[in-house]
Amino acid sequence: MPSNAGTTRLVIVESPAKAKTISGYLGPGYVVEASFGHVRDLPRNAADVPAKYKGEPWARLGVDVDNGFHALYVVSADRKQQISKLVKLAKEVDEIFLATDEDREGEAIAWHLVETLKPKVPVRRMVFHEITKPAIQAAVANPREIDRDLVDAQEARRILDRLYGYEVSPVLWKKVMPKLSAGRVQSVATRIVVERERQRMAFRTAEYWDILATLAVANAGEGPRTFNATLIALNGDRIATGKDFEPTTGRVRAGAGVVHLDEGGARGLAARLAGRPFTVTRVEEKPYRRRPYAPFITSTLQQEAARKLRLSSQQTMRTAQRLYENGYITYMRTDSVNLSETAIAAARRQIVELYGERSVPPEPRRYTGKVKNAQEAHEAIRPAGDNFRTPGEVAKELSAEEFKLYELIWRRTIASQMTDAVGSSVSVRIRAVTSSGEEADFGATGKTITDPGFLRAYVESSDDENAEAEDAERRLPTLVKDQPLTAEELAAQGHHTQPPSRYTEASLVKALEELGIGRPSTYASIMQTIQDRGYVTKRGQAMIPTFLAFAVIGLLERHYPRLIDYDFTASMENELDEIAGGEHAAVDFLSSFYFGSTNGTGDRAIAHAGGLKKLVTENLSEIDARSVNSIPLFTDDEGREVVVRVGRYGPYLQRAVPGEQPAAPAEGEEGGGQGDRAPIPEGLAPDELTPEKVHELFLGGGGERKLGDDPTTGEPILLKSGRFGPYVASGERKSSLLRSQTPDSLTLDEALKLLSLPRLVGVAPDGVEVFANNGRYGPYVKRGDEFRSLDSEEKMFTVTLDEALALLAAPKKGQRRAAAPPLREMGNDPLTEKPLVIKDGRFGPYVTDGETNASLRRAQTPEALTLEEASEMLAEKRAKGPAPKKKAAAKKAAPAKKTAAKKTAAAAKSTAAKKTTTAKATTAKKAPARKAAPKKAAAASPVEE
């Protein structure tokens with residue numbers, strides 16, 4: 001689009017990629033330059049504060065709270081060079097267009113650019129939600145002024161988060177651990193994850209049984225001959241299912257009125273029903289109809305990308321950002337499900353081309369968002385332009401990840417304008433009566449899709465991996481009331497109730513969205529922040545809170561409950577929305593929060609009594625650090641209270657009888673401890689600290705237990721736990737427990753036998769020593785480079801020289817040991833299409849695609865591991881690349897004259913080192929092994945949000 005003759009315009013966008021795309025759509029006379037995101041922000045630390053403000057009492061906050069919450073903004077060091085370039089360009093042009101994103105954040109960047117550049121020429125704001133030539137030309141032709149209400153809302157949010165982070169985080173430093181952070185949204189997100197883990201820790205599983213009947217019809221016709229039905233009632237009373245049990249006790253809920261079958265009851269009933277006639281008692285058929293899903297918004301895109309593509313929130317948003325900046329999709333930070341009229345028309349045209357006229361409903365579909373506090377006036381996320389490009393048309397232009405995400409967005413958009421999926425659903429009830437008169441009712445359901453409608457283009461995934469897909473059919477034979485059936489098989493089935501699933505990034509974003517907490521632009525960064533700060537770790541897709549998170553959330557819940565209250569946090573979002581709409585003043589909002597002055601009643605009174613400032617200063621002395629850093633688990637069989645302590649070197653277990661006098665503090669501990677201690681192995685989730693596991697850790701599975709002294713050397717023999725399981729150690733000798741041994745029952749004599757390995761069996765006639773030992777593939781004998789397996793572990797201690805030589809003289813059974821069959825075949829990897837299997841290896845089960853191996857993590861079992869988890873584990877392993885090879889240290893020849901002196905010095909040093917080591921070992925028995933503190937971000941200042 002040509003500019004006025006002789007007029008030069010500067011267009012400023014956030015990113016170079018965006019600048020490159022837009023510059024191609026503008027004619028001569030336009031200079032497009034990037035600001036590289038935010039150009040100014042509050043000071044990150046004391047070094048950022050200008051000299052003239054360093055003496056001000058509010059300088060550490062960067063906000064003058066006593067003077068209208070005036071913010072001190074500084075240009076980021078890494079932006080100064082670019083700002084200088086923009087200042088120079090601003091002096092050379094006739095007009096400036098600020099083309100930052102069309103949301104509060106983008107509006108604030110535009111305002112900061114004006115404040116920083118101080119241009120002498122007219123400044124216009126141009127906005128667009130997609131980077132296409134028509135959209136850019138329309139934005140240039142229809143500029144507007146900067147919306148100060150949006151700017152005020154963003155500034156209020158930034159100041160609010162700074163006050164929260166900088167006032168609350170120091171409390172955590174004093175009472176929990178240095179360099180921790182609190183944030184208005186990150187702390188609430190952490191609380192949600194912690195609460196779910198508490199539910200899992202309190203959960204008690206229950207077992208229940210039913211019967212699965214395989215029933216056959218006499219004349220099936222065109223339908224299936226057999227189908228499955230499940231026992232649902234006995235003598236009119238419903239059979240118990242998982243929902244009928246209390247999650248914290250594992251008992252049937254009071255008043256449930258159900259029959260709780262155990263294994264014996266289910267097998268006995270199945271036996272009594274064998275050979276009995278089955279009869280259809282009821283057939284109900286209903287029409288099935290399913291409407292399409294709404295187009296993507298930020299949160300639903302992150303959820304589906306996680307389910308279908310195994311992408312994290314950060315990966316999804318980075319990929320979407322590239323697609324947006326290069327003109328493939330509309331703006332990706334939105335909570336609106338609306339589509340423009342041109343987008344609806346484009347979708348409907350493409351549906352006709354690809355799926356036919358019948359797939360387009362008579363009227364366009366319009367959607368209403370369900371997001372609490374939805375604010376931004378964008379469209380939903382969709383393919384850019386007035387004519388959508390199919391995935392096939394863009395495949396060669398995009399990376400693999402970009403293509404998959406674009407295809408996901410394209411399919412969802414197209415499907416949103418297609419016809420409903422229709423069909424029929426059938427519910428059948430069947431009865432059989434035992435010879436003693438017991439009436440057993442079975443149920444079966446079927447679904448037939450006669451017109452898939454939108455399901456041709458898109459099927460949404462579910463967080464429940466056991467959920468049936470929307471397009472799945474369950475076909476039943478044609479059945480009528482009183483029809484006789486034959487039971488071909490009656491199988492008793494056992495089930496266990498399951499604890500609530502852990503959050504994934506996608507489901508946590510969904511929970512925050514439903515609570516009205518956070519905004520589309522913040523979700524991905526929040527997911528990353530709570531992991532970077534050591535509050536949450538990931539195991540596959542699951543988000544697991546650390547014990548550090550338990551301590552932090554426990555402190556906030558006890559002493560600052562309002563700050564992590566869901567409704568209160570959402571009410572702050574409402575206030576910010578009102579500021580953006582010009583209905584509320586930012587200063588009143590901030591004053592109410594910080595100083596406690598109310599501005600109305602009920603939800604409008606957004607501050608506690610006294611406000612944040614008073615809360616974090618006056619109540620600090622009431623916080624007991626030891627109590628905050630103690631997470632109670634349970635009382636064991638001997639009446640000892642078992643707790644997790646969060647120490648500076650990591651979490652550890654402690655148990656003591658209530659009222660027991662505190663023991664002297666162990667080296668490196670913060671204060672007086674009491675009772676026994678045991679370290680918690682790295683990677684162990686809080687809900688895995690069951691009484692059995694805790695007992696193992698104290699007994700020797702993770703702690704340390706002395707079995708006695710070696711009668712030969714006098715050194716103590718200790719039972720320990722290592723990365724690959726329990727082992728015994730004495731001096732420099734170590735040996736893993738055998739498969740048949742357990743830490744609980746291991747005796748001193750058995751430990752001495754283990755430490756005798758490798759055992760010298762004897763010397764062969766040619767002078768070569770023969771040993772018996774335990775190895776990767778079990779017990780074996782060895783002579784030089786020759787190995788032969790032993791048929792039992794006990795043989796390692798009893799095999800004679802003659803028996804060993806006879807084994808070694810026998811030919812090998814094949815050149816290589818036959819590979820053991822896989823523990824489980826999982827199907828093809830969704831990312832690479834390679835078949836995945838789980839095998840049993842030297843260090844336990846692992847998943848492999850034939851090229852890359854990934855060990856199963858703690859609490860993962862071959863039976864429960866999902867295909868998606870396996871795929872992600874292998875993807876992470878591939879991303880890390882091969883382990884670096886260790887280089888042998890170069891040996892330097894010592895000068896001859898200094899050799900004797902060095903030997904003398906080394907001997908003296910060795911003697912001193914042994915004394916020091918002995919002293920440290922004595923002390924170390926009193927304290928758990930030190931562990932590195934959780935990894936923190938490099939910046940010492942708190943991170944807000």
# chains A, B, ... in the order shown; residues from 1 in each chain; ligands from 1
$ residues_around --residues "Glu222 of chain A" --least-positions-apart "5" --cutoff "12 Å" --atoms "only C-alpha atoms" --output "list in words"
Val217, Arg475, Leu476, Pro477 and Thr478 of chain A
$ residues_around --residues "Asp149 of chain A" --least-positions-apart "3" --cutoff "6 Å" --atoms "only C-alpha atoms" --output "list of chain:residue names"
A:Asp152, A:Ala580, A:Gly582
$ write_last_selection --atoms "N, CA, C and O atoms" --output "compact mmCIF listing (two decimals), in the first residue's frame"
# COMPACT_ATOMS: atom_id res chain seq x y z
N ASP A 152 -3.48 1.23 31.52
CA ASP A 152 -3.61 1.29 32.97
C ASP A 152 -3.85 -0.09 33.57
O ASP A 152 -3.31 -0.41 34.65
N ALA A 580 -9.55 -1.95 32.72
CA ALA A 580 -9.42 -1.95 31.26
C ALA A 580 -10.65 -1.35 30.60
O ALA A 580 -10.55 -0.75 29.52
N GLY A 582 -12.37 1.08 31.86
CA GLY A 582 -12.54 2.45 32.31
C GLY A 582 -13.54 2.61 33.44
O GLY A 582 -13.96 3.72 33.76
$ closest_atom_pairs --of "segment 227-306 of chain A" --to "segment 396-414 of chain A" --cutoff "8 Å" --atoms "only C-alpha atoms" --output "CSV"
residue,atom,partner,partner_atom,distance
A:Tyr293,CA,A:Arg412,CA,7.5
A:Ala294,CA,A:Arg412,CA,7.8
A:Pro295,CA,A:Thr413,CA,5.2
A:Phe296,CA,A:Arg412,CA,7.0
A:Leu301,CA,A:Ile409,CA,7.9
A:Ala305,CA,A:Leu405,CA,7.2
$ residues_around --residues "Arg733 of chain A" --least-positions-apart "6" --cutoff "12 Å" --atoms "only C-alpha atoms" --output "MDAnalysis selection string"
chainID A and resid 710 713 715:718 727 751:758
$ residues_around --residues "segment 31-40 of chain A" --least-positions-apart "5" --cutoff "8 Å" --atoms "only C-alpha atoms" --output "PyMOL selection string"
chain A and resi 8-16+18-20+22-23+73-76+79+82-83+86+109+112-113
$ residues_around --residues "Met332 of chain A" --least-positions-apart "5" --cutoff "7 Å" --atoms "only C-alpha atoms" --output "list in words"
Thr298, Ala320, Gln321 and Ile381 of chain A
$ write_last_selection --atoms "N, CA, C and O atoms" --output "short mmCIF file (atom, residue, chain, number, x, y, z; two decimals), in the first residue's frame"
data_model
loop_
_atom_site.label_atom_id
_atom_site.label_comp_id
_atom_site.auth_asym_id
_atom_site.auth_seq_id
_atom_site.Cartn_x
_atom_site.Cartn_y
_atom_site.Cartn_z
N THR A 298 -6.56 -20.02 23.49
CA THR A 298 -5.20 -20.35 23.94
C THR A 298 -5.17 -21.61 24.79
O THR A 298 -4.35 -22.50 24.58
N ALA A 320 3.23 -21.73 17.91
CA ALA A 320 2.12 -20.89 17.45
C ALA A 320 2.59 -19.48 17.14
O ALA A 320 2.12 -18.85 16.19
N GLN A 321 3.53 -18.97 17.93
CA GLN A 321 4.08 -17.63 17.70
C GLN A 321 4.73 -17.56 16.31
O GLN A 321 4.53 -16.60 15.56
N ILE A 381 -8.43 -18.80 17.53
CA ILE A 381 -7.22 -19.14 16.77
C ILE A 381 -7.65 -19.94 15.54
O ILE A 381 -8.31 -20.98 15.67
#
$ select_by_dssp --residues "segment 696-786 of chain A" --states "helix (DSSP H, G or I)" --output "JSON, numbers by chain"
{"A": [696, 697, 698, 699, 700, 701, 748, 749, 750, 751, 752, 753, 754, 755]}
$ write_last_selection --atoms "C-alpha atoms" --output "PDB file, in the first residue's frame"
ATOM      1  CA  GLU A 696      11.998 -49.587  53.959  1.00  0.00           C
ATOM      2  CA  LEU A 697      13.816 -46.235  53.923  1.00  0.00           C
ATOM      3  CA  PHE A 698      14.443 -46.294  57.665  1.00  0.00           C
ATOM      4  CA  LEU A 699      15.349 -49.975  57.648  1.00  0.00           C
ATOM      5  CA  GLY A 700      17.903 -49.691  54.922  1.00  0.00           C
ATOM      6  CA  GLY A 701      16.057 -49.298  51.663  1.00  0.00           C
ATOM      7  CA  LEU A 748      24.933 -60.546  58.893  1.00  0.00           C
ATOM      8  CA  ASP A 749      25.952 -63.980  57.593  1.00  0.00           C
ATOM      9  CA  GLU A 750      24.139 -63.369  54.299  1.00  0.00           C
ATOM     10  CA  ALA A 751      25.813 -59.952  54.002  1.00  0.00           C
ATOM     11  CA  LEU A 752      29.244 -61.544  54.572  1.00  0.00           C
ATOM     12  CA  LYS A 753      28.534 -64.049  51.802  1.00  0.00           C
ATOM     13  CA  LEU A 754      27.571 -61.212  49.452  1.00  0.00           C
ATOM     14  CA  LEU A 755      30.752 -59.315  50.278  1.00  0.00           C
TER      15      LEU A 755
END
$ residues_around --residues "Glu851 of chain A" --least-positions-apart "2" --cutoff "12 Å" --atoms "only C-alpha atoms" --output "number ranges by chain"
A: 832, 834-837, 847-849, 853-854, 874-875, 877-878, 882
$ closest_residue --among "A:Asn67, A:Ser591, A:Gln493, A:Gln303" --to "Ala213 of chain A" --atoms "only C-alpha atoms"
A:Gln493
$ closest_residue --among "A:Ala549, A:Val509, A:Val280, A:Leu684" --to "Val536 of chain A" --atoms "only C-alpha atoms"
A:Ala549
$ atom_distance --atom1 "atom CA of Ser789 of chain A" --atom2 "atom CA of Ala810 of chain A"
11.4 Å
$ select_by_dssp --residues "segment 755-797 of chain A" --states "strand (DSSP E or B)" --output "ChimeraX atom specification"
/A:759-763,769-775,778-783,786-789
$ closest_residue --among "A:Phe278, A:Tyr166, A:Phe442, A:Phe69" --to "Leu212 of chain A" --atoms "only C-alpha atoms"
A:Phe442
$ closest_residue --among "A:Met796, A:Ala270, A:Val63, A:Leu180" --to "Arg162 of chain A" --atoms "only C-alpha atoms"
A:Val63
$ closest_residue --among "A:Met317, A:Ala233, A:Leu831, A:Val151" --to "Gln528 of chain A" --atoms "only C-alpha atoms"
A:Met317
$ closest_residue --among "A:Tyr288, A:Phe589, A:Phe595, A:Tyr355" --to "Ala156 of chain A" --atoms "only C-alpha atoms"
A:Phe589
